[in-house]
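What's in input_30.txt: compact mmCIF, N, CA and C atoms
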```
# COMPACT_ATOMS: atom_id res chain seq x y z
N MET M 1 0.82 -1.19 0.00
CA MET M 1 0.00 0.00 0.00
C MET M 1 0.87 1.25 0.00
N SER M 2 1.98 1.22 0.70
CA SER M 2 2.87 2.36 0.78
C SER M 2 3.45 2.71 -0.59
N LYS M 3 3.82 1.67 -1.36
CA LYS M 3 4.37 1.91 -2.69
C LYS M 3 3.31 2.54 -3.58
N PHE M 4 2.06 2.06 -3.48
CA PHE M 4 0.97 2.62 -4.26
C PHE M 4 0.74 4.08 -3.90
N SER M 5 0.75 4.40 -2.62
CA SER M 5 0.57 5.79 -2.16
C SER M 5 1.70 6.67 -2.68
N SER M 6 2.90 6.14 -2.67
CA SER M 6 4.05 6.88 -3.17
C SER M 6 3.89 7.16 -4.66
N GLN M 7 3.41 6.17 -5.41
CA GLN M 7 3.22 6.35 -6.85
C GLN M 7 2.12 7.37 -7.12
N ILE M 8 1.06 7.33 -6.36
CA ILE M 8 -0.03 8.30 -6.53
C ILE M 8 0.48 9.71 -6.22
N THR M 9 1.25 9.83 -5.15
CA THR M 9 1.83 11.13 -4.80
C THR M 9 2.72 11.65 -5.91
N THR M 10 3.56 10.78 -6.45
CA THR M 10 4.45 11.17 -7.54
C THR M 10 3.65 11.59 -8.76
N LEU M 11 2.58 10.87 -9.06
CA LEU M 11 1.74 11.23 -10.20
C LEU M 11 1.14 12.62 -10.02
N PHE M 12 0.65 12.92 -8.82
CA PHE M 12 0.11 14.26 -8.57
C PHE M 12 1.19 15.32 -8.71
N ILE M 13 2.40 15.02 -8.30
CA ILE M 13 3.51 15.96 -8.46
C ILE M 13 3.77 16.21 -9.94
N VAL M 14 3.76 15.14 -10.75
CA VAL M 14 3.98 15.29 -12.19
C VAL M 14 2.91 16.18 -12.80
N VAL M 15 1.66 15.92 -12.46
CA VAL M 15 0.56 16.73 -13.00
C VAL M 15 0.70 18.18 -12.55
N ALA M 16 1.06 18.39 -11.29
CA ALA M 16 1.24 19.76 -10.78
C ALA M 16 2.38 20.46 -11.51
N LEU M 17 3.46 19.74 -11.76
CA LEU M 17 4.59 20.34 -12.47
C LEU M 17 4.22 20.70 -13.90
N VAL M 18 3.46 19.84 -14.56
CA VAL M 18 3.02 20.14 -15.92
C VAL M 18 2.12 21.36 -15.91
N CYS M 19 1.21 21.41 -14.95
CA CYS M 19 0.32 22.58 -14.86
C CYS M 19 1.11 23.85 -14.54
N ALA M 20 2.11 23.73 -13.69
CA ALA M 20 2.94 24.88 -13.34
C ALA M 20 3.81 25.30 -14.51
N PHE M 21 4.15 24.37 -15.37
CA PHE M 21 4.99 24.63 -16.53
C PHE M 21 4.37 25.69 -17.43
N VAL M 22 3.07 25.64 -17.60
CA VAL M 22 2.39 26.54 -18.53
C VAL M 22 2.59 28.01 -18.17
N PRO M 23 2.25 28.46 -16.94
CA PRO M 23 2.42 29.88 -16.66
C PRO M 23 3.88 30.31 -16.54
N VAL M 24 4.76 29.45 -16.13
CA VAL M 24 6.16 29.83 -15.96
C VAL M 24 6.77 30.28 -17.27
N PHE M 25 6.45 29.58 -18.34
CA PHE M 25 7.03 29.91 -19.63
C PHE M 25 6.08 30.71 -20.51
N SER M 26 4.98 31.19 -19.93
CA SER M 26 4.00 32.00 -20.65
C SER M 26 3.59 31.35 -21.97
N VAL M 27 3.29 30.09 -21.91
CA VAL M 27 2.84 29.37 -23.08
C VAL M 27 1.40 29.77 -23.35
N GLU M 28 1.10 30.10 -24.59
CA GLU M 28 -0.27 30.49 -24.93
C GLU M 28 -1.19 29.29 -24.77
N GLU M 29 -2.48 29.57 -24.64
CA GLU M 29 -3.45 28.52 -24.35
C GLU M 29 -3.42 27.40 -25.39
N ALA M 30 -3.34 27.73 -26.67
CA ALA M 30 -3.30 26.71 -27.73
C ALA M 30 -2.05 25.86 -27.60
N GLU M 31 -0.92 26.51 -27.29
CA GLU M 31 0.33 25.77 -27.10
C GLU M 31 0.26 24.89 -25.85
N ALA M 32 -0.38 25.39 -24.81
CA ALA M 32 -0.51 24.61 -23.58
C ALA M 32 -1.34 23.36 -23.84
N LYS M 33 -2.42 23.49 -24.59
CA LYS M 33 -3.25 22.33 -24.92
C LYS M 33 -2.45 21.34 -25.75
N SER M 34 -1.68 21.83 -26.69
CA SER M 34 -0.85 20.96 -27.52
C SER M 34 0.19 20.24 -26.68
N LEU M 35 0.83 20.97 -25.78
CA LEU M 35 1.83 20.37 -24.89
C LEU M 35 1.19 19.31 -24.01
N TRP M 36 0.01 19.59 -23.47
CA TRP M 36 -0.70 18.63 -22.64
C TRP M 36 -1.02 17.37 -23.44
N ASN M 37 -1.57 17.56 -24.66
CA ASN M 37 -1.93 16.42 -25.50
C ASN M 37 -0.71 15.60 -25.89
N THR M 38 0.40 16.24 -26.10
CA THR M 38 1.62 15.56 -26.53
C THR M 38 2.32 14.89 -25.36
N CYS M 39 2.44 15.58 -24.25
CA CYS M 39 3.30 15.11 -23.17
C CYS M 39 2.62 14.21 -22.16
N VAL M 40 1.39 14.45 -21.86
CA VAL M 40 0.78 13.74 -20.75
C VAL M 40 -0.20 12.67 -21.21
N VAL M 41 -1.01 13.00 -22.17
CA VAL M 41 -2.08 12.10 -22.57
C VAL M 41 -1.56 10.86 -23.29
N LYS M 42 -0.45 10.97 -23.99
CA LYS M 42 0.04 9.86 -24.80
C LYS M 42 0.92 8.88 -24.03
N ILE M 43 1.07 9.10 -22.75
CA ILE M 43 1.91 8.20 -21.95
C ILE M 43 1.12 7.81 -20.70
N THR M 44 1.23 6.57 -20.30
CA THR M 44 0.46 6.11 -19.14
C THR M 44 1.05 6.70 -17.86
N PRO M 45 0.22 6.83 -16.84
CA PRO M 45 0.74 7.32 -15.56
C PRO M 45 1.87 6.44 -15.02
N LYS M 46 1.76 5.12 -15.19
CA LYS M 46 2.83 4.23 -14.72
C LYS M 46 4.13 4.52 -15.45
N CYS M 47 4.06 4.71 -16.76
CA CYS M 47 5.28 5.01 -17.52
C CYS M 47 5.86 6.37 -17.11
N ALA M 48 4.99 7.34 -16.86
CA ALA M 48 5.47 8.65 -16.40
C ALA M 48 6.22 8.50 -15.08
N LEU M 49 5.67 7.71 -14.17
CA LEU M 49 6.34 7.46 -12.89
C LEU M 49 7.66 6.73 -13.09
N ASP M 50 7.67 5.76 -14.01
CA ASP M 50 8.90 5.01 -14.29
C ASP M 50 9.99 5.93 -14.85
N ILE M 51 9.60 6.82 -15.76
CA ILE M 51 10.56 7.75 -16.36
C ILE M 51 11.16 8.66 -15.28
N ILE M 52 10.31 9.18 -14.42
CA ILE M 52 10.80 10.03 -13.33
C ILE M 52 11.70 9.24 -12.40
N ALA M 53 11.34 7.99 -12.12
CA ALA M 53 12.16 7.16 -11.24
C ALA M 53 13.52 6.89 -11.85
N VAL M 54 13.59 6.68 -13.17
CA VAL M 54 14.87 6.43 -13.83
C VAL M 54 15.75 7.68 -13.76
N VAL M 55 15.17 8.83 -14.03
CA VAL M 55 15.97 10.06 -14.10
C VAL M 55 16.33 10.60 -12.71
N PHE M 56 15.38 10.58 -11.79
CA PHE M 56 15.61 11.24 -10.50
C PHE M 56 15.90 10.27 -9.36
N GLU M 57 15.81 8.99 -9.62
CA GLU M 57 16.15 7.98 -8.62
C GLU M 57 16.99 6.93 -9.32
N ASN M 58 16.83 5.68 -8.97
CA ASN M 58 17.54 4.59 -9.64
C ASN M 58 16.56 3.55 -10.14
N GLY M 59 15.50 4.01 -10.77
CA GLY M 59 14.45 3.13 -11.24
C GLY M 59 14.81 2.43 -12.54
N THR M 60 13.89 1.59 -12.99
CA THR M 60 14.04 0.90 -14.26
C THR M 60 12.81 1.20 -15.11
N ILE M 61 12.96 0.93 -16.40
CA ILE M 61 11.86 1.19 -17.33
C ILE M 61 11.66 -0.03 -18.21
N SER M 62 10.42 -0.32 -18.50
CA SER M 62 10.09 -1.47 -19.35
C SER M 62 10.18 -1.07 -20.83
N ASP M 63 10.28 -2.07 -21.68
CA ASP M 63 10.33 -1.81 -23.12
C ASP M 63 9.07 -1.10 -23.62
N PRO M 64 7.88 -1.51 -23.18
CA PRO M 64 6.68 -0.77 -23.63
C PRO M 64 6.71 0.71 -23.22
N CYS M 65 7.22 1.00 -22.03
CA CYS M 65 7.32 2.40 -21.61
C CYS M 65 8.35 3.15 -22.45
N CYS M 66 9.42 2.48 -22.82
CA CYS M 66 10.40 3.10 -23.72
C CYS M 66 9.74 3.48 -25.05
N ASN M 67 8.94 2.56 -25.57
CA ASN M 67 8.24 2.86 -26.82
C ASN M 67 7.31 4.05 -26.66
N ASP M 68 6.61 4.13 -25.53
CA ASP M 68 5.74 5.27 -25.27
C ASP M 68 6.53 6.57 -25.18
N LEU M 69 7.69 6.51 -24.52
CA LEU M 69 8.53 7.70 -24.38
C LEU M 69 8.98 8.20 -25.74
N VAL M 70 9.41 7.30 -26.61
CA VAL M 70 9.87 7.71 -27.94
C VAL M 70 8.71 8.29 -28.74
N LYS M 71 7.52 7.71 -28.61
CA LYS M 71 6.34 8.26 -29.29
C LYS M 71 6.00 9.65 -28.75
N GLU M 72 6.23 9.86 -27.47
CA GLU M 72 5.97 11.16 -26.85
C GLU M 72 6.82 12.24 -27.51
N GLY M 73 8.07 11.93 -27.79
CA GLY M 73 8.96 12.87 -28.48
C GLY M 73 10.04 13.44 -27.57
N LYS M 74 11.19 13.69 -28.16
CA LYS M 74 12.35 14.17 -27.41
C LYS M 74 12.13 15.57 -26.85
N MET M 75 11.53 16.46 -27.64
CA MET M 75 11.34 17.83 -27.16
C MET M 75 10.49 17.85 -25.89
N CYS M 76 9.44 17.09 -25.90
CA CYS M 76 8.55 17.04 -24.74
C CYS M 76 9.29 16.44 -23.54
N HIS M 77 9.97 15.34 -23.76
CA HIS M 77 10.72 14.68 -22.69
C HIS M 77 11.76 15.63 -22.10
N ASP M 78 12.56 16.24 -22.96
CA ASP M 78 13.61 17.15 -22.50
C ASP M 78 13.05 18.35 -21.74
N THR M 79 11.98 18.92 -22.26
CA THR M 79 11.39 20.11 -21.65
C THR M 79 10.88 19.81 -20.25
N LEU M 80 10.15 18.71 -20.11
CA LEU M 80 9.58 18.38 -18.80
C LEU M 80 10.66 17.99 -17.79
N ILE M 81 11.65 17.20 -18.22
CA ILE M 81 12.73 16.81 -17.31
C ILE M 81 13.53 18.03 -16.90
N LYS M 82 13.82 18.92 -17.83
CA LYS M 82 14.57 20.14 -17.52
C LYS M 82 13.79 20.99 -16.53
N TYR M 83 12.50 21.09 -16.73
CA TYR M 83 11.67 21.88 -15.83
C TYR M 83 11.71 21.31 -14.41
N ILE M 84 11.57 20.01 -14.30
CA ILE M 84 11.61 19.38 -12.98
C ILE M 84 13.00 19.54 -12.36
N ALA M 85 14.05 19.33 -13.15
CA ALA M 85 15.43 19.41 -12.64
C ALA M 85 15.81 20.82 -12.20
N ASP M 86 15.11 21.83 -12.70
CA ASP M 86 15.39 23.22 -12.34
C ASP M 86 14.82 23.62 -10.99
N LYS M 87 14.06 22.76 -10.36
CA LYS M 87 13.48 23.07 -9.05
C LYS M 87 14.59 23.25 -8.02
N PRO M 88 14.42 24.19 -7.08
CA PRO M 88 15.48 24.50 -6.10
C PRO M 88 16.06 23.28 -5.38
N MET M 89 15.20 22.32 -5.02
CA MET M 89 15.72 21.17 -4.27
C MET M 89 16.48 20.18 -5.16
N LEU M 90 16.40 20.34 -6.47
CA LEU M 90 17.06 19.41 -7.40
C LEU M 90 18.17 20.06 -8.21
N ILE M 91 18.22 21.38 -8.25
CA ILE M 91 19.13 22.11 -9.14
C ILE M 91 20.60 21.76 -8.92
N ALA M 92 20.98 21.40 -7.71
CA ALA M 92 22.38 21.07 -7.43
C ALA M 92 22.85 19.86 -8.23
N HIS M 93 21.92 19.00 -8.60
CA HIS M 93 22.26 17.79 -9.35
C HIS M 93 21.68 17.82 -10.77
N GLU M 94 21.36 19.00 -11.25
CA GLU M 94 20.71 19.13 -12.56
C GLU M 94 21.52 18.48 -13.68
N THR M 95 22.82 18.68 -13.69
CA THR M 95 23.66 18.10 -14.74
C THR M 95 23.55 16.58 -14.75
N GLU M 96 23.57 15.99 -13.57
CA GLU M 96 23.43 14.53 -13.45
C GLU M 96 22.07 14.07 -13.98
N TYR M 97 21.01 14.79 -13.61
CA TYR M 97 19.67 14.42 -14.07
C TYR M 97 19.53 14.55 -15.58
N LEU M 98 20.09 15.61 -16.14
CA LEU M 98 19.99 15.80 -17.59
C LEU M 98 20.77 14.72 -18.34
N LYS M 99 21.90 14.29 -17.79
CA LYS M 99 22.66 13.20 -18.41
C LYS M 99 21.85 11.90 -18.33
N LYS M 100 21.25 11.64 -17.17
CA LYS M 100 20.43 10.44 -17.02
C LYS M 100 19.24 10.49 -17.98
N SER M 101 18.69 11.67 -18.18
CA SER M 101 17.59 11.84 -19.11
C SER M 101 18.02 11.51 -20.53
N ASP M 102 19.19 12.02 -20.94
CA ASP M 102 19.73 11.72 -22.27
C ASP M 102 20.03 10.24 -22.42
N ASP M 103 20.62 9.64 -21.39
CA ASP M 103 20.92 8.21 -21.42
C ASP M 103 19.63 7.39 -21.57
N LEU M 104 18.60 7.80 -20.82
CA LEU M 104 17.31 7.11 -20.91
C LEU M 104 16.75 7.24 -22.33
N TRP M 105 16.80 8.44 -22.88
CA TRP M 105 16.28 8.66 -24.23
C TRP M 105 17.01 7.75 -25.23
N ASN M 106 18.35 7.74 -25.17
CA ASN M 106 19.12 6.92 -26.10
C ASN M 106 18.81 5.43 -25.93
N HIS M 107 18.67 4.99 -24.70
CA HIS M 107 18.31 3.60 -24.42
C HIS M 107 16.94 3.28 -25.04
N CYS M 108 15.99 4.15 -24.83
CA CYS M 108 14.64 3.91 -25.33
C CYS M 108 14.58 3.95 -26.86
N VAL M 109 15.34 4.82 -27.46
CA VAL M 109 15.39 4.85 -28.93
C VAL M 109 15.93 3.52 -29.44
N SER M 110 16.97 3.00 -28.82
CA SER M 110 17.54 1.71 -29.28
C SER M 110 16.53 0.59 -29.06
N ILE M 111 15.78 0.63 -27.97
CA ILE M 111 14.75 -0.37 -27.70
C ILE M 111 13.64 -0.28 -28.76
N SER M 112 13.21 0.93 -29.04
CA SER M 112 12.09 1.09 -29.98
C SER M 112 12.48 0.68 -31.41
N LYS M 113 13.76 0.83 -31.75
CA LYS M 113 14.22 0.42 -33.09
C LYS M 113 14.27 -1.10 -33.21
N SER M 114 14.49 -1.77 -32.09
CA SER M 114 14.64 -3.23 -32.15
C SER M 114 13.30 -3.96 -32.03
N THR M 115 12.23 -3.22 -31.74
CA THR M 115 10.93 -3.90 -31.62
C THR M 115 10.06 -3.69 -32.82
```

Please, can you express the file's structure as structure tokens?
Amino acid sequence: MSKFSSQITTLFIVVALVCAFVPVFSVEEAEAKSLWNTCVVKITPKCALDIIAVVFENGTISDPCCNDLVKEGKMCHDTLIKYIADKPMLIAHETEYLKKSDDLWNHCVSISKST
């Protein structure tokens, strides 16, 4: 139950960060809807949690989630990870997180090409 609660909490954090992303960068409403449709709707909540766990912790990701990530697109992935990594409590390790994000992207691209 604790793991489930932790995953739900992380999911709410992801949604809050995406919602916060819009006003911070003054994205127009049409662009915000496009970003939402591209970044959040096309990936399952479990995969979103797995991606965050890989980049910000020491999690693992399944092949189907890798395929979802590649379908989501690099720009969306990079933008959201960069936004999360820029938070005050994470900024000290931003370079590490961005490298892990790039490593994850490259891994997922190789997985998606082989399937």

**OP:** For atom N of Gly73 of chain M and atom N of Ile43 of chain M, quote the distance in Å rounded to one decimal.
**Re:**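 That distance, rounded to one decimal, is 9.1 Å.
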
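With atom C of Ser110 of chain M on one side and atom CA of His93 of chain M on the other, the separation reads 26.8 Å.
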
**OP:** Write out as an NGL selection string each polymer residue whose atoms come within 9 Å of Ile51 of chain M, counting only C-alpha atoms; drop sequence neighbours fewer than 2 positions from it.
**Re:** :M and (46-49 or 53-56 or 59-61 or 65-66 or 69 or 101 or 104)

Original post:
What separation in Å, quoted to one decimal, exists between atom N of Glu72 of chain M and atom C of Lys42 of chain M?
Top reply: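 Interatomic distance here is 6.4 Å.
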